[in-house]
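structure_25.txt, holding compact mmCIF, C-alpha atoms:
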# COMPACT_ATOMS: atom_id res chain seq x y z
CA MET A 533 68.86 84.77 50.07
CA ASN A 534 69.54 83.52 53.60
CA GLY A 535 72.62 84.38 55.65
CA LEU A 536 74.20 80.91 55.18
CA SER A 537 73.98 81.10 51.39
CA ARG A 538 75.36 84.63 51.42
CA THR A 539 78.30 83.55 53.59
CA LYS A 540 79.07 80.67 51.23
CA ILE A 541 79.13 83.04 48.27
CA PHE A 542 81.46 85.48 50.03
CA SER A 543 83.75 82.72 51.28
CA SER A 544 84.13 81.37 47.74
CA LEU A 545 85.68 84.60 46.49
CA PRO A 546 89.46 84.52 45.83
CA PRO A 547 91.37 85.82 48.88
CA SER A 548 94.20 87.67 47.18
CA CYS A 549 95.04 89.89 44.23
CA ALA A 550 97.24 87.15 42.83
CA ASN A 551 94.32 84.76 42.72
CA ARG A 552 92.02 87.43 41.34
CA SER A 553 94.33 87.95 38.40
CA LYS A 554 93.33 84.53 37.10
CA ILE A 555 89.72 85.67 36.69
CA ASN A 556 88.24 88.00 34.11
CA PRO A 557 89.48 91.52 35.11
CA ALA A 558 86.10 93.21 34.65
CA PHE A 559 84.48 90.57 36.82
CA THR A 560 87.10 90.86 39.54
CA CYS A 561 86.64 94.65 39.69
CA THR A 562 82.99 94.04 40.52
CA LEU A 563 83.80 91.37 43.10
CA SER A 564 86.44 93.52 44.79
CA SER A 565 83.76 95.90 46.04
CA LEU A 566 82.24 92.96 47.97
CA TYR A 567 85.43 92.15 49.93
CA PRO A 568 84.62 94.46 52.87
CA MET A 569 81.19 92.81 53.12
CA ARG A 570 82.79 89.37 52.90
CA ARG A 571 85.10 90.22 55.81
CA LEU A 572 82.20 91.59 57.79
CA PHE A 573 80.07 88.47 57.39
CA GLU A 574 83.08 86.29 58.28
CA THR A 575 83.48 88.18 61.56
CA ARG A 576 82.30 85.95 64.39
CA PHE A 577 79.30 87.29 66.28
CA PRO A 578 77.27 85.44 68.93
CA ALA A 579 74.05 83.71 67.92
CA GLN A 580 71.96 86.29 69.75
CA PHE A 581 73.34 89.03 67.53
CA TRP A 582 71.92 87.18 64.51
CA LEU A 583 68.58 86.80 66.33
CA MET A 584 68.50 90.60 66.69
CA PHE A 585 69.59 90.94 63.05
CA ALA A 586 66.66 88.79 61.87
CA GLY A 587 64.19 90.46 64.23
CA MET A 588 65.26 93.90 63.08
CA LEU A 589 64.61 92.88 59.47
CA ILE A 590 61.13 91.52 60.21
CA SER A 591 60.02 94.45 62.37
CA THR A 592 61.43 97.07 60.00
CA ILE A 593 59.63 95.61 56.98
CA GLY A 594 56.41 95.90 58.95
CA ALA A 595 56.94 99.33 60.54
CA SER A 596 58.27 100.94 57.36
CA MET A 597 55.07 99.99 55.56
CA ILE A 598 53.43 102.88 57.40
CA TRP A 599 55.86 105.37 59.00
CA PRO A 600 56.95 107.16 55.78
CA PHE A 601 53.28 107.94 55.13
CA LEU A 602 52.16 108.59 58.70
CA MET A 603 52.00 112.39 58.39
CA ILE A 604 49.96 112.06 55.19
CA TYR A 605 47.53 109.76 57.00
CA VAL A 606 47.25 112.02 60.07
CA SER A 607 46.91 115.23 58.03
CA GLU A 608 44.16 113.77 55.87
CA ARG A 609 42.30 112.25 58.84
CA LEU A 610 42.39 115.41 60.97
CA ASN A 611 42.32 118.07 58.20
CA MET A 612 44.25 120.50 60.42
CA PRO A 613 47.20 122.87 59.74
CA LEU A 614 50.57 121.18 59.37
CA THR A 615 51.83 122.74 62.60
CA VAL A 616 49.02 121.04 64.55
CA SER A 617 49.51 117.65 62.88
CA ALA A 618 53.27 117.80 63.37
CA GLY A 619 52.66 118.78 66.99
CA LEU A 620 51.56 115.19 67.61
CA LEU A 621 55.19 114.19 67.11
CA THR A 622 56.20 116.73 69.73
CA ILE A 623 53.89 114.97 72.19
CA ASN A 624 55.42 111.67 71.13
CA SER A 625 58.91 113.03 71.65
CA VAL A 626 58.24 114.59 75.05
CA CYS A 627 57.02 111.21 76.26
CA GLY A 628 60.10 109.66 74.66
CA LEU A 629 62.35 112.09 76.53
CA ILE A 630 60.83 111.13 79.86
CA SER A 631 60.91 107.44 79.00
CA SER A 632 64.54 107.63 77.88
CA PHE A 633 65.63 108.96 81.27
CA ILE A 634 63.73 106.19 83.01
CA ALA A 635 64.93 103.50 80.58
CA GLY A 636 68.64 103.88 81.32
CA PRO A 637 68.56 103.11 85.07
CA VAL A 638 65.88 100.42 84.62
CA ILE A 639 67.91 98.62 81.94
CA ASP A 640 71.13 98.91 83.95
CA ARG A 641 69.41 97.43 87.03
CA LEU A 642 66.83 94.96 85.71
CA GLY A 643 68.26 93.92 82.37
CA ARG A 644 67.67 94.33 78.65
CA LYS A 645 65.58 91.40 77.40
CA TRP A 646 62.10 91.93 78.87
CA VAL A 647 62.23 95.69 78.53
CA MET A 648 62.92 95.26 74.79
CA ALA A 649 60.15 92.68 74.35
CA ILE A 650 57.54 94.79 76.14
CA SER A 651 58.54 97.87 74.13
CA LEU A 652 58.13 96.07 70.81
CA LEU A 653 54.75 94.62 71.73
CA LEU A 654 53.41 97.97 72.96
CA ASN A 655 54.56 99.68 69.75
CA GLY A 656 52.80 97.01 67.70
CA LEU A 657 49.63 97.58 69.72
CA GLY A 658 49.94 101.33 69.08
CA TYR A 659 49.99 100.83 65.30
CA LEU A 660 47.03 98.45 65.52
CA LEU A 661 44.96 101.00 67.44
CA MET A 662 46.08 103.86 65.20
CA SER A 663 44.35 102.19 62.25
CA ARG A 664 41.06 102.96 64.04
CA ALA A 665 41.86 106.44 65.34
CA GLU A 666 39.76 109.30 63.92
CA THR A 667 40.02 112.18 66.41
CA TYR A 668 42.84 114.38 67.66
CA PRO A 669 42.55 113.14 71.31
CA ALA A 670 42.78 109.54 70.08
CA PHE A 671 45.99 110.31 68.18
CA VAL A 672 47.36 112.12 71.24
CA LEU A 673 46.83 109.05 73.44
CA LEU A 674 48.48 106.77 70.89
CA MET A 675 51.44 109.13 70.53
CA ILE A 676 51.84 109.03 74.31
CA LEU A 677 51.79 105.20 74.25
CA GLN A 678 54.32 104.84 71.45
CA GLY A 679 56.50 107.70 72.63
CA SER A 680 56.77 106.10 76.05
CA ALA A 681 57.42 102.58 74.74
CA ASN A 682 59.80 103.16 71.86
CA PRO A 683 62.91 104.33 73.80
CA LEU A 684 62.77 101.23 75.97
CA TYR A 685 63.61 99.01 73.00
CA ARG A 686 66.19 101.36 71.53
CA VAL A 687 68.15 101.81 74.76
CA GLY A 688 67.92 98.11 75.59
CA ALA A 689 69.08 97.05 72.12
CA ASP A 690 72.03 99.46 72.14
CA ALA A 691 73.08 98.19 75.58
CA MET A 692 72.62 94.55 74.55
CA MET A 693 74.74 95.11 71.45
CA ALA A 694 77.52 96.61 73.57
CA ASP A 695 77.24 93.64 75.98
CA LEU A 696 77.45 91.06 73.21
CA ILE A 697 80.19 92.56 71.04
CA PRO A 698 83.74 93.55 72.10
CA PRO A 699 84.85 97.14 71.32
CA GLU A 700 87.03 96.19 68.34
CA LYS A 701 84.05 94.57 66.56
CA ARG A 702 81.34 97.10 67.43
CA VAL A 703 81.64 99.22 64.30
CA ASP A 704 81.13 96.02 62.26
CA GLY A 705 78.21 94.96 64.44
CA TYR A 706 76.43 98.30 64.17
CA SER A 707 77.02 98.32 60.40
CA LEU A 708 75.47 94.87 60.04
CA MET A 709 72.48 95.89 62.15
CA ARG A 710 71.98 98.92 59.92
CA LEU A 711 72.20 96.60 56.93
CA SER A 712 69.33 94.54 58.35
CA ASN A 713 67.31 97.68 59.12
CA ASN A 714 67.78 99.06 55.64
CA VAL A 715 66.96 95.84 53.83
CA GLY A 716 63.67 96.12 55.68
CA VAL A 717 63.27 99.77 54.64
CA ALA A 718 64.04 98.82 51.05
CA ILE A 719 61.09 96.42 51.09
CA GLY A 720 58.59 98.04 53.48
CA PRO A 721 57.88 101.46 51.91
CA ALA A 722 57.56 100.07 48.40
CA VAL A 723 55.04 97.48 49.59
CA GLY A 724 53.43 99.91 52.02
CA GLY A 725 53.00 102.56 49.35
CA LEU A 726 51.05 100.13 47.21
CA ILE A 727 48.94 98.98 50.15
CA ALA A 728 48.34 102.50 51.51
CA SER A 729 47.14 103.68 48.13
CA VAL A 730 44.34 101.11 48.52
CA SER A 731 43.86 100.93 52.32
CA TYR A 732 45.94 102.40 55.13
CA GLN A 733 44.34 99.91 57.50
CA PHE A 734 46.22 96.95 56.03
CA ALA A 735 49.50 98.88 56.19
CA PHE A 736 48.93 99.43 59.93
CA TYR A 737 48.24 95.70 60.35
CA GLY A 738 51.56 94.93 58.68
CA ALA A 739 53.41 97.29 61.02
CA ALA A 740 51.78 95.78 64.10
CA ALA A 741 52.55 92.22 62.97
CA GLY A 742 56.23 92.92 62.28
CA LEU A 743 56.81 94.49 65.70
CA ALA A 744 54.87 91.76 67.51
CA ILE A 745 56.89 88.98 65.84
CA TYR A 746 60.19 90.57 66.86
CA GLY A 747 58.91 91.10 70.41
CA LEU A 748 58.01 87.41 70.70
CA LEU A 749 61.40 86.36 69.30
CA ILE A 750 63.15 88.39 72.00
CA ALA A 751 60.81 87.08 74.73
CA PHE A 752 61.21 83.39 73.91
CA LEU A 753 64.64 83.04 72.27
CA ALA A 754 66.93 85.76 73.65
CA ARG A 755 68.97 85.50 76.85
CA GLU A 756 69.65 88.30 79.29
CA THR A 757 73.04 90.00 78.72
CA LEU A 758 73.23 92.36 81.70
CA PRO A 759 76.83 92.07 83.02
CA GLN A 760 76.87 90.90 86.62
CA THR A 761 79.64 93.29 87.58
CA GLY A 762 77.81 96.08 85.75
CA ASN A 763 74.59 95.29 87.62
CA GLU A 764 76.30 95.54 90.98
CA ALA A 765 78.16 98.68 90.05
CA ALA A 766 75.01 100.24 88.67
CA ASP A 767 73.53 100.27 92.18
CA LEU A 768 76.33 102.41 93.53
CA PRO A 769 75.85 105.65 91.60
CA GLN A 770 72.14 105.69 92.42
CA LYS A 771 72.92 105.70 96.15
CA SER A 772 75.40 108.54 95.92
CA GLU A 773 74.13 110.58 92.97
CA ARG A 774 70.98 112.43 92.15
CA PHE A 775 69.09 112.22 88.82
CA GLY A 776 69.08 108.39 88.79
CA GLY A 777 72.83 108.19 88.28
CA TYR A 778 72.83 110.48 85.22
CA GLY A 779 75.06 112.99 87.00
CA ARG A 780 78.12 111.00 85.98
CA VAL A 781 77.06 111.12 82.33
CA LEU A 782 76.23 114.82 82.43
CA ARG A 783 79.71 115.56 83.81
CA ASP A 784 81.33 113.72 80.90
CA GLN A 785 82.27 116.74 78.78
CA PRO A 786 83.46 114.94 75.61
CA TYR A 787 80.28 112.88 75.54
CA MET A 788 77.93 115.79 76.16
CA THR A 789 79.58 118.00 73.52
CA PHE A 790 79.21 115.14 71.03
CA LEU A 791 75.48 114.86 71.85
CA LEU A 792 74.97 118.63 71.44
CA ALA A 793 76.31 118.59 67.89
CA PHE A 794 74.51 115.35 67.05
CA ILE A 795 71.13 116.82 68.01
CA PHE A 796 71.41 119.36 65.17
CA THR A 797 72.06 116.58 62.66
CA GLN A 798 69.01 114.77 64.00
CA LEU A 799 66.93 117.94 63.61
CA SER A 800 67.81 118.01 59.94
CA ALA A 801 66.98 114.32 59.52
CA SER A 802 63.67 114.53 61.40
CA ILE A 803 62.43 117.33 59.14
CA MET A 804 63.29 115.30 56.06
CA TRP A 805 61.76 112.02 57.17
CA VAL A 806 58.58 113.42 58.69
CA LEU A 807 57.62 116.28 56.37
CA LEU A 808 58.89 115.37 52.90
CA SER A 809 56.03 112.97 52.13
CA VAL A 810 53.38 115.60 53.01
CA TYR A 811 55.25 118.34 51.13
CA ALA A 812 55.70 116.18 48.02
CA LYS A 813 52.06 115.08 47.87
CA THR A 814 50.48 118.43 48.80
CA HIS A 815 52.51 120.69 46.50
CA TYR A 816 53.66 118.39 43.69
CA GLY A 817 51.14 115.54 43.61
CA VAL A 818 53.65 112.79 44.43
CA THR A 819 51.45 109.83 45.44
CA GLU A 820 52.21 107.32 48.22
CA ARG A 821 52.96 104.66 45.61
CA LEU A 822 55.60 106.83 43.95
CA TYR A 823 56.93 108.37 47.14
CA GLY A 824 57.67 104.90 48.57
CA LEU A 825 60.56 104.68 46.10
CA ILE A 826 62.35 107.56 47.86
CA PRO A 827 62.87 105.86 51.25
CA MET A 828 63.50 102.63 49.35
CA THR A 829 66.41 104.37 47.58
CA ASN A 830 67.79 105.44 50.94
CA ALA A 831 67.64 101.87 52.18
CA LEU A 832 69.18 100.31 49.07
CA MET A 833 72.10 102.75 49.23
CA VAL A 834 72.73 101.70 52.82
CA VAL A 835 72.48 98.01 51.92
CA PHE A 836 74.98 98.23 49.07
CA PHE A 837 77.32 100.99 50.22
CA GLN A 838 77.26 101.11 54.04
CA ILE A 839 79.92 98.48 54.62
CA PRO A 840 82.49 99.81 52.09
CA VAL A 841 81.92 103.36 53.37
CA THR A 842 82.37 102.21 56.99
CA MET A 843 85.62 100.44 56.09
CA LEU A 844 86.86 103.75 54.72
CA THR A 845 85.61 106.11 57.42
CA ARG A 846 86.89 103.98 60.32
CA ARG A 847 90.44 104.91 59.27
CA PHE A 848 89.92 108.52 60.29
CA SER A 849 89.34 110.41 63.50
CA PRO A 850 85.59 110.19 64.31
CA LEU A 851 84.77 113.88 64.79
CA PRO A 852 85.84 115.03 61.28
CA VAL A 853 83.90 112.07 59.86
CA LEU A 854 80.83 113.19 61.81
CA ALA A 855 81.34 116.74 60.49
CA LEU A 856 81.33 115.48 56.89
CA GLY A 857 78.15 113.53 57.57
CA GLY A 858 76.44 116.59 59.08
CA LEU A 859 77.41 118.71 56.09
CA LEU A 860 75.92 116.19 53.65
CA TYR A 861 72.74 116.06 55.72
CA GLY A 862 72.46 119.85 55.49
CA LEU A 863 73.05 119.93 51.75
CA GLY A 864 70.58 117.11 51.09
CA VAL A 865 67.78 118.54 53.20
CA GLY A 866 68.35 122.13 52.04
CA SER A 867 68.27 121.09 48.38
CA VAL A 868 64.61 119.98 48.69
CA ALA A 869 63.68 123.69 48.47
CA PHE A 870 64.95 123.69 44.87
CA GLY A 871 63.23 120.45 43.80
CA ALA A 872 60.06 120.50 41.74
CA GLY A 873 58.91 116.90 41.66
CA PHE A 874 59.81 113.29 42.30
CA TRP A 875 63.29 113.28 40.78
CA GLY A 876 64.37 116.44 42.56
CA PHE A 877 63.27 115.00 45.91
CA TRP A 878 64.87 111.67 45.03
CA LEU A 879 68.21 113.39 44.40
CA SER A 880 67.96 115.25 47.71
CA MET A 881 67.46 111.93 49.49
CA VAL A 882 70.52 110.51 47.74
CA VAL A 883 72.68 113.38 49.03
CA MET A 884 71.30 113.06 52.56
CA THR A 885 71.85 109.30 52.48
CA LEU A 886 75.52 109.85 51.69
CA GLY A 887 75.65 111.77 54.95
CA GLU A 888 73.86 108.94 56.72
CA LEU A 889 76.37 106.38 55.40
CA VAL A 890 79.20 108.43 56.85
CA LEU A 891 77.62 109.56 60.10
CA VAL A 892 75.35 106.95 61.67
CA PRO A 893 77.66 103.93 62.30
CA THR A 894 80.39 106.34 63.40
CA SER A 895 78.10 108.06 65.91
CA SER A 896 76.72 104.77 67.31
CA THR A 897 80.21 103.34 67.79
CA TYR A 898 81.52 106.61 69.22
CA ALA A 899 78.73 106.66 71.83
CA ALA A 900 79.08 102.96 72.72
CA ASN A 901 82.85 103.15 73.11
CA LEU A 902 82.65 106.17 75.40
CA ALA A 903 80.17 104.39 77.69
CA PRO A 904 81.60 102.56 80.74
CA ALA A 905 80.27 99.00 81.12
CA ASP A 906 78.28 99.79 84.26
CA MET A 907 76.70 102.90 82.68
CA ARG A 908 75.87 101.71 79.16
CA GLY A 909 72.13 101.94 79.66
CA ARG A 910 72.36 105.58 80.78
CA TYR A 911 74.87 106.59 78.10
CA MET A 912 72.94 104.93 75.29
CA SER A 913 69.72 106.35 76.73
CA LEU A 914 71.01 109.90 76.29
CA TYR A 915 72.33 109.02 72.84
CA GLY A 916 68.91 107.73 71.77
CA LEU A 917 67.29 110.73 73.42
CA THR A 918 68.81 113.00 70.75
CA TRP A 919 66.24 111.70 68.27
CA ASN A 920 63.39 112.42 70.67
CA VAL A 921 64.61 115.99 71.10
CA ALA A 922 64.98 116.43 67.35
CA ALA A 923 61.65 114.80 66.46
CA GLY A 924 59.92 116.94 69.06
CA ILE A 925 61.33 120.20 67.71
CA GLY A 926 62.11 119.66 64.01
CA PRO A 927 58.72 118.74 62.46
CA VAL A 928 56.71 121.30 64.44
CA ALA A 929 59.31 123.97 63.63
CA GLY A 930 59.03 122.95 59.97
CA GLY A 931 55.25 123.19 60.20
CA PHE A 932 55.59 126.68 61.66
CA LEU A 933 57.91 127.74 58.82
CA ASN A 934 55.42 126.29 56.32
CA ASP A 935 52.35 127.97 57.83
CA TRP A 936 53.89 131.39 58.53
CA PHE A 937 56.48 131.86 55.78
CA SER A 938 56.50 129.44 52.85
CA PRO A 939 56.73 125.70 52.18
CA GLN A 940 60.32 126.13 50.94
CA ALA A 941 61.30 127.66 54.29
CA ILE A 942 61.02 124.18 55.84
CA TRP A 943 64.03 123.02 53.88
CA TYR A 944 66.13 126.13 54.39
CA GLY A 945 65.75 125.64 58.14
CA GLY A 946 66.53 121.92 57.97
CA GLY A 947 69.57 122.50 55.80
CA LEU A 948 70.98 125.10 58.18
CA CYS A 949 70.64 122.65 61.09
CA GLY A 950 72.79 120.07 59.29
CA ILE A 951 75.45 122.60 58.32
CA PHE A 952 75.55 123.98 61.88
CA SER A 953 76.09 120.47 63.26
CA ALA A 954 79.07 120.04 60.94
CA LEU A 955 80.58 123.29 62.23
CA LEU A 956 80.08 122.16 65.83
CA PHE A 957 81.82 118.80 65.19
CA ILE A 958 84.78 120.61 63.64
CA PHE A 959 84.90 123.09 66.52
CA PHE A 960 84.95 120.30 69.12
CA TRP A 961 87.61 118.43 67.16
CA LEU A 962 89.88 121.48 67.01
CA ARG A 963 89.23 122.38 70.62
CA ARG A 964 91.73 120.49 72.72
CA PRO A 965 91.80 118.75 75.09
CA ALA A 966 88.13 117.64 74.97
CA ALA A 967 88.31 115.96 71.57
CA LYS A 968 91.74 114.50 72.35
CA ILE A 969 90.44 112.96 75.57
CA ALA A 970 87.51 111.42 73.72
CA GLU A 971 89.76 109.88 71.07
CA GLU A 972 92.15 108.53 73.69
CA ARG A 973 89.24 106.84 75.40
CA LEU A 974 88.14 105.33 72.11
CA THR A 975 91.57 103.79 71.48
CA SER A 976 92.28 102.67 75.06
CA PRO A 977 91.92 98.92 75.82
Using structure tokens, write down the structure from this file.
Amino acid sequence: MNGLSRTKIFSSLPPSCANRSKINPAFTCTLSSLYPMRRLFETRFPAQFWLMFAGMLISTIGASMIWPFLMIYVSERLNMPLTVSAGLLTINSVCGLISSFIAGPVIDRLGRKWVMAISLLLNGLGYLLMSRAETYPAFVLLMILQGSANPLYRVGADAMMADLIPPEKRVDGYSLMRLSNNVGVAIGPAVGGLIASVSYQFAFYGAAAGLAIYGLLIAFLARETLPQTGNEAADLPQKSERFGGYGRVLRDQPYMTFLLAFIFTQLSASIMWVLLSVYAKTHYGVTERLYGLIPMTNALMVVFFQIPVTMLTRRFSPLPVLALGGLLYGLGVGSVAFGAGFWGFWLSMVVMTLGELVLVPTSSTYAANLAPADMRGRYMSLYGLTWNVAAGIGPVAGGFLNDWFSPQAIWYGGGLCGIFSALLFIFFWLRRPAAKIAEERLTSP
């Protein structure tokens, strides 16, 4: 169903409880859960936001046809210990760390559009070449390519979103973008699991095509959103500060304490997303075709429940909400150690996804609102960098726990990371004045 049809359906719903009382009560109870989504789709966003929404859907369908199964593919191709295979993601993440630091100043000075388009096209090329890779050095080179290119899109898109959408609408904008992403994830892994069970090569082709299409949409249809005042101001810190202007960000205590806690949540998530497919297939015989239903469940939960959950969580102070999300991440990832097959792993993903529903839009909005207009590229660069840090440490640490202790030790470690992040969020919330300053900045005009 296209966006116009969906909007017509939502706009036809009765606007008040008095009107709803004229309809069958059971039916109105079902419709009432759609009211937050109706309000969200009625919120006015610029046309370019919807271009990004559509591009995200296309590229995610393609990319998610392969990424849930990537560690299975690499492990089977290389036939090496899990620590070595997972170490490829560390290489990817180190390159991402370097690229993230470069991306912020570049995007603040030169703009968002072409950096995003180039990043998407290079990532598509990486997946295309990966379908032919057979040796460890070949995978290393491709991880360097994709690790260097990926942060450029992410930082540019976060900055472009903040440029396009005023602060009071950002939580809605980020929720809608996650909706697009997760519709893609609901489709991609299920299709990719079927294709990968026959030929991984075609799954890689699908990933490359999805990313290339989005890159071309940005190149030919998007406009540059770099604020003129922000562009001029962005030159000033670089003349007076070292580290490419990042000194100002690093001195922002509320922001840096938020990132510290968020990294531990990302560690928990990276272990789950990267290693669960290998663990499930190796130890319990869960095939790619069946495993594809697990990330699909995650995506469908986000599609149907993200907006109502966001409408609820936005009423509360952000740091306690982030703490609840971190706790659910820890419980979901830790519970994998007690699963013994598909349904146990499926339930663990459900619990972790509850944490994702609570945490991710809140964290994105929290980071965007703390970022000054002339520093958005740098702020969002460090925010995106948390995933690179986590993906560089988490999977290889999980591989080490698997190879030296036991497979279940992977999930004990991942669960503890999530729980520790929750404790850090609570600590920073209780510790005044840092948390108070952050919240004042979020509510200031």
From A:Ala855, A:Val647, A:Leu917, A:Ala718, residue lying nearest Ser596 in chain A [all atoms listed in the file]: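 Closest candidate: A:Ala718.
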Distance query range 821-827 of chain A at most 12 Å, all atoms listed in the file, self and fewer than 4 positions along chain excluded, as number ranges by chain: A: 596-601, 604, 714-731, 804-806, 808-813, 816-817, 831-834, 873-885
Best match for closeness to Asn830 in chain A among A:Met648, A:Leu711, A:Met788, A:Ala691, counting only C-alpha atoms: A:Leu711
Neighbour residues at most 12 Å from (65.4, 107.7, 72.2) (only C-alpha atoms) as JSON, numbers by chain: {"A": [624, 625, 626, 627, 628, 629, 630, 631, 632, 633, 634, 635, 636, 678, 679, 680, 681, 682, 683, 684, 685, 686, 687, 688, 689, 690, 795, 798, 909, 910, 911, 912, 913, 914, 915, 916, 917, 918, 919, 920, 921, 922, 923, 924]}
Selected residue, from A:Phe577, A:Phe960, A:Phe836, A:Phe870, that lies nearest to Arg710 in chain A when counting only C-alpha atoms: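 Selected residue with least distance to Arg710 in chain A: A:Phe836.
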Atomic separation - CA of Val606 in chain A relative to CA of Glu820 in chain A, Å: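 Those two atoms sit 13.7 Å apart.
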Selection near Ala793 in chain A, 7 Å with all atoms listed in the file, sequence-local residues under 3 positions removed, as a count of residues only: 6
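Computed from the coordinates, the CA of Ile745 in chain A to CA of Asn713 in chain A distance equals 15.1 Å.
Considering the residues A:Leu886, A:Leu792, A:Val841, A:Met692 and counting all atoms listed in the file, Asp640 in chain A has its shortest atom-to-atom contact with A:Met692.
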Proximity to Pro850 in chain A - best of A:Val890, A:Leu620, A:Met709, A:Val865, only C-alpha atoms: A:Val890
Point-to-point distance in Å for CA of Gly658 in chain A and CA of Leu614 in chain A: 22.1 Å
